[in-house]
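Data file: final30.pdb. Format and content: PDB, C-alpha atoms.
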ATOM      1  CA  MET L   1      48.151 -65.109 -72.190
ATOM      2  CA  THR L   2      48.784 -63.035 -69.089
ATOM      3  CA  ASN L   3      50.780 -59.862 -68.904
ATOM      4  CA  GLN L   4      51.618 -60.442 -65.229
ATOM      5  CA  ILE L   5      55.008 -61.672 -64.053
ATOM      6  CA  THR L   6      56.245 -62.876 -60.675
ATOM      7  CA  LEU L   7      59.455 -61.644 -59.102
ATOM      8  CA  GLN L   8      61.034 -61.679 -55.628
ATOM      9  CA  VAL L   9      61.065 -58.524 -53.514
ATOM     10  CA  ASN L  10      62.918 -58.787 -50.205
ATOM     11  CA  GLY L  11      62.405 -62.560 -50.377
ATOM     12  CA  GLU L  12      58.638 -62.381 -51.015
ATOM     13  CA  PRO L  13      56.880 -63.133 -54.301
ATOM     14  CA  ARG L  14      55.286 -60.080 -55.956
ATOM     15  CA  THR L  15      53.544 -59.582 -59.277
ATOM     16  CA  CYS L  16      53.501 -56.728 -61.750
ATOM     17  CA  ASP L  17      52.908 -56.138 -65.430
ATOM     18  CA  TYR L  18      55.610 -57.362 -67.805
ATOM     19  CA  LYS L  19      58.137 -54.612 -68.620
ATOM     20  CA  THR L  20      57.096 -52.330 -65.745
ATOM     21  CA  SER L  21      59.908 -49.836 -65.129
ATOM     22  CA  LEU L  22      61.648 -49.948 -61.774
ATOM     23  CA  PRO L  23      60.397 -46.497 -60.619
ATOM     24  CA  SER L  24      56.812 -47.462 -61.559
ATOM     25  CA  PHE L  25      57.131 -50.752 -59.698
ATOM     26  CA  LEU L  26      58.443 -49.001 -56.580
ATOM     27  CA  THR L  27      55.489 -46.613 -56.722
ATOM     28  CA  GLN L  28      53.090 -49.575 -57.079
ATOM     29  CA  LEU L  29      54.612 -50.968 -53.874
ATOM     30  CA  GLY L  30      53.780 -47.687 -52.129
ATOM     31  CA  LEU L  31      57.404 -46.587 -51.922
ATOM     32  CA  ASN L  32      58.900 -43.215 -52.778
ATOM     33  CA  PRO L  33      61.628 -44.012 -55.334
ATOM     34  CA  ARG L  34      63.690 -41.085 -54.017
ATOM     35  CA  LEU L  35      63.888 -42.682 -50.562
ATOM     36  CA  VAL L  36      65.037 -46.213 -51.348
ATOM     37  CA  ALA L  37      68.148 -48.077 -52.449
ATOM     38  CA  VAL L  38      67.739 -51.095 -54.736
ATOM     39  CA  GLU L  39      69.778 -54.244 -55.250
ATOM     40  CA  TYR L  40      68.715 -55.780 -58.570
ATOM     41  CA  ASN L  41      69.614 -59.429 -59.185
ATOM     42  CA  GLY L  42      72.508 -59.258 -56.735
ATOM     43  CA  GLU L  43      73.959 -55.893 -57.804
ATOM     44  CA  ILE L  44      73.393 -52.408 -56.416
ATOM     45  CA  LEU L  45      71.553 -50.584 -59.196
ATOM     46  CA  HIS L  46      72.573 -46.953 -59.605
ATOM     47  CA  ARG L  47      69.712 -44.497 -60.074
ATOM     48  CA  GLN L  48      70.883 -43.470 -63.536
ATOM     49  CA  PHE L  49      69.767 -46.927 -64.756
ATOM     50  CA  TRP L  50      66.387 -47.100 -63.019
ATOM     51  CA  GLU L  51      64.208 -45.700 -65.824
ATOM     52  CA  GLN L  52      65.586 -48.157 -68.379
ATOM     53  CA  THR L  53      65.333 -51.157 -66.030
ATOM     54  CA  GLU L  54      62.191 -53.178 -66.734
ATOM     55  CA  MET L  55      60.916 -55.921 -64.462
ATOM     56  CA  LYS L  56      61.213 -59.463 -65.808
ATOM     57  CA  THR L  57      60.078 -62.862 -64.547
ATOM     58  CA  ASP L  58      62.212 -64.171 -61.671
ATOM     59  CA  ASP L  59      64.052 -60.876 -61.064
ATOM     60  CA  ARG L  60      65.253 -60.511 -57.471
ATOM     61  CA  LEU L  61      65.054 -57.135 -55.771
ATOM     62  CA  GLU L  62      66.212 -56.141 -52.330
ATOM     63  CA  ILE L  63      64.783 -52.749 -51.419
ATOM     64  CA  VAL L  64      66.027 -50.746 -48.459
ATOM     65  CA  THR L  65      64.187 -47.651 -47.267
ATOM     66  CA  ILE L  66      66.342 -44.701 -46.324
ATOM     67  CA  VAL L  67      65.353 -43.367 -42.916
ATOM     68  CA  GLY L  68      66.432 -39.951 -41.702
ATOM     69  CA  GLY L  69      66.948 -38.957 -38.127
ATOM     70  CA  GLY L  70      69.585 -38.423 -35.585
TER      71      GLY L  70
END
Written form, structure tokens:
Amino acid sequence: MTNQITLQVNGEPRTCDYKTSLPSFLTQLGLNPRLVAVEYNGEILHRQFWEQTEMKTDDRLEIVTIVGGG
């Protein structure tokens, strides 16, 4: 039995360990969780819920990086 799951990130298949928290998953992707916005299964996910959100098979994430500048 494998502990790996497959989910969609910005339309691409990605894998991670079952029940990986959202902040941990973002870090695994090389992203700074403080500098992204996340849509989780079609809904904008507010940061207060990130720690308790665990990745599950077939989840769909859209991740947008916040870019500063002027």
Computed interatomic separation between atom CA of Glu51 of chain L and atom CA of Leu29 of chain L (Å):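 Rounded to one decimal, the two atoms are 16.2 Å apart.
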Expansion of the PyMOL selection byres ((chain L and resi 16) around 9) into residues, as a PyMOL selection string: chain L and resi 3-7+14-15+17-20+25+28+55
Residues matched by the PyMOL selection byres ((chain L and resi 9) around 12) as number ranges by chain: L: 6-8, 10-16, 22, 25-26, 29, 38-42, 55, 57-64
Restricted to C-alpha atoms, what would the selected residues look like written as a PDB file, in the coordinates of the input?
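Result file result_18.pdb:
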ATOM      1  CA  THR L   6      56.245 -62.876 -60.675  1.00  0.00           C
ATOM      2  CA  LEU L   7      59.455 -61.644 -59.102  1.00  0.00           C
ATOM      3  CA  GLN L   8      61.034 -61.679 -55.628  1.00  0.00           C
ATOM      4  CA  ASN L  10      62.918 -58.787 -50.205  1.00  0.00           C
ATOM      5  CA  GLY L  11      62.405 -62.560 -50.377  1.00  0.00           C
ATOM      6  CA  GLU L  12      58.638 -62.381 -51.015  1.00  0.00           C
ATOM      7  CA  PRO L  13      56.880 -63.133 -54.301  1.00  0.00           C
ATOM      8  CA  ARG L  14      55.286 -60.080 -55.956  1.00  0.00           C
ATOM      9  CA  THR L  15      53.544 -59.582 -59.277  1.00  0.00           C
ATOM     10  CA  CYS L  16      53.501 -56.728 -61.750  1.00  0.00           C
ATOM     11  CA  LEU L  22      61.648 -49.948 -61.774  1.00  0.00           C
ATOM     12  CA  PHE L  25      57.131 -50.752 -59.698  1.00  0.00           C
ATOM     13  CA  LEU L  26      58.443 -49.001 -56.580  1.00  0.00           C
ATOM     14  CA  LEU L  29      54.612 -50.968 -53.874  1.00  0.00           C
ATOM     15  CA  VAL L  38      67.739 -51.095 -54.736  1.00  0.00           C
ATOM     16  CA  GLU L  39      69.778 -54.244 -55.250  1.00  0.00           C
ATOM     17  CA  TYR L  40      68.715 -55.780 -58.570  1.00  0.00           C
ATOM     18  CA  ASN L  41      69.614 -59.429 -59.185  1.00  0.00           C
ATOM     19  CA  GLY L  42      72.508 -59.258 -56.735  1.00  0.00           C
ATOM     20  CA  MET L  55      60.916 -55.921 -64.462  1.00  0.00           C
ATOM     21  CA  THR L  57      60.078 -62.862 -64.547  1.00  0.00           C
ATOM     22  CA  ASP L  58      62.212 -64.171 -61.671  1.00  0.00           C
ATOM     23  CA  ASP L  59      64.052 -60.876 -61.064  1.00  0.00           C
ATOM     24  CA  ARG L  60      65.253 -60.511 -57.471  1.00  0.00           C
ATOM     25  CA  LEU L  61      65.054 -57.135 -55.771  1.00  0.00           C
ATOM     26  CA  GLU L  62      66.212 -56.141 -52.330  1.00  0.00           C
ATOM     27  CA  ILE L  63      64.783 -52.749 -51.419  1.00  0.00           C
ATOM     28  CA  VAL L  64      66.027 -50.746 -48.459  1.00  0.00           C
TER      29      VAL L  64
END
Pairwise distance for atom CA of Glu54 of chain L and atom CA of Gly68 of chain L, rounded to one decimal in Å: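 Between these atoms lies a distance of 28.6 Å.
Shortest separation to Leu35 of chain L among L:Thr53, L:Ser21, L:Gln48, L:Thr65 occurs at residue L:Thr65, atoms counted being all atoms listed in the file.
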Give, as lines of an AutoDock Vina configuration file, the centre coordinates and the x, y and z edge lengths in Å to one decimal for an axis-aligned box around all listed atoms of segment 6-20 of chain L, padded by 5 Å on each side.
center_x = 57.9
center_y = -57.7
center_z = -59.4
size_x = 20.0
size_y = 20.8
size_z = 28.4
Distance in Å - atom CA of Leu45 of chain L versus atom CA of Gly69 of chain L: 24.5 Å
Missing atoms in segment 19-31 of chain L should be modelled up to N, CA and C atoms and reported as an mmCIF file, in the coordinates of the input.
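Once written, part-v9.cif looks like this:
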data_model
loop_
_atom_site.group_PDB
_atom_site.id
_atom_site.type_symbol
_atom_site.label_atom_id
_atom_site.label_comp_id
_atom_site.auth_asym_id
_atom_site.auth_seq_id
_atom_site.Cartn_x
_atom_site.Cartn_y
_atom_site.Cartn_z
ATOM 1 N N LYS L 19 57.432 -55.817 -68.170
ATOM 2 C CA LYS L 19 58.137 -54.612 -68.620
ATOM 3 C C LYS L 19 57.773 -53.350 -67.841
ATOM 4 N N THR L 20 57.305 -53.497 -66.602
ATOM 5 C CA THR L 20 57.096 -52.330 -65.745
ATOM 6 C C THR L 20 58.462 -51.760 -65.394
ATOM 7 N N SER L 21 58.615 -50.446 -65.480
ATOM 8 C CA SER L 21 59.908 -49.836 -65.129
ATOM 9 C C SER L 21 60.106 -49.901 -63.616
ATOM 10 N N LEU L 22 61.343 -49.876 -63.202
ATOM 11 C CA LEU L 22 61.648 -49.948 -61.774
ATOM 12 C C LEU L 22 60.976 -48.824 -60.980
ATOM 13 N N PRO L 23 61.075 -47.548 -61.398
ATOM 14 C CA PRO L 23 60.397 -46.497 -60.619
ATOM 15 C C PRO L 23 58.885 -46.721 -60.519
ATOM 16 N N SER L 24 58.255 -47.184 -61.600
ATOM 17 C CA SER L 24 56.812 -47.462 -61.559
ATOM 18 C C SER L 24 56.507 -48.597 -60.595
ATOM 19 N N PHE L 25 57.334 -49.624 -60.599
ATOM 20 C CA PHE L 25 57.131 -50.752 -59.698
ATOM 21 C C PHE L 25 57.266 -50.310 -58.241
ATOM 22 N N LEU L 26 58.272 -49.495 -57.950
ATOM 23 C CA LEU L 26 58.443 -49.001 -56.580
ATOM 24 C C LEU L 26 57.219 -48.205 -56.139
ATOM 25 N N THR L 27 56.685 -47.392 -57.031
ATOM 26 C CA THR L 27 55.489 -46.613 -56.722
ATOM 27 C C THR L 27 54.298 -47.539 -56.473
ATOM 28 N N GLN L 28 54.172 -48.601 -57.274
ATOM 29 C CA GLN L 28 53.090 -49.575 -57.079
ATOM 30 C C GLN L 28 53.188 -50.235 -55.704
ATOM 31 N N LEU L 29 54.410 -50.380 -55.204
ATOM 32 C CA LEU L 29 54.612 -50.968 -53.874
ATOM 33 C C LEU L 29 54.343 -49.964 -52.753
ATOM 34 N N GLY L 30 54.046 -48.715 -53.124
ATOM 35 C CA GLY L 30 53.780 -47.687 -52.129
ATOM 36 C C GLY L 30 55.039 -47.025 -51.604
ATOM 37 N N LEU L 31 56.126 -47.157 -52.345
ATOM 38 C CA LEU L 31 57.404 -46.587 -51.922
ATOM 39 C C LEU L 31 57.714 -45.323 -52.713
#
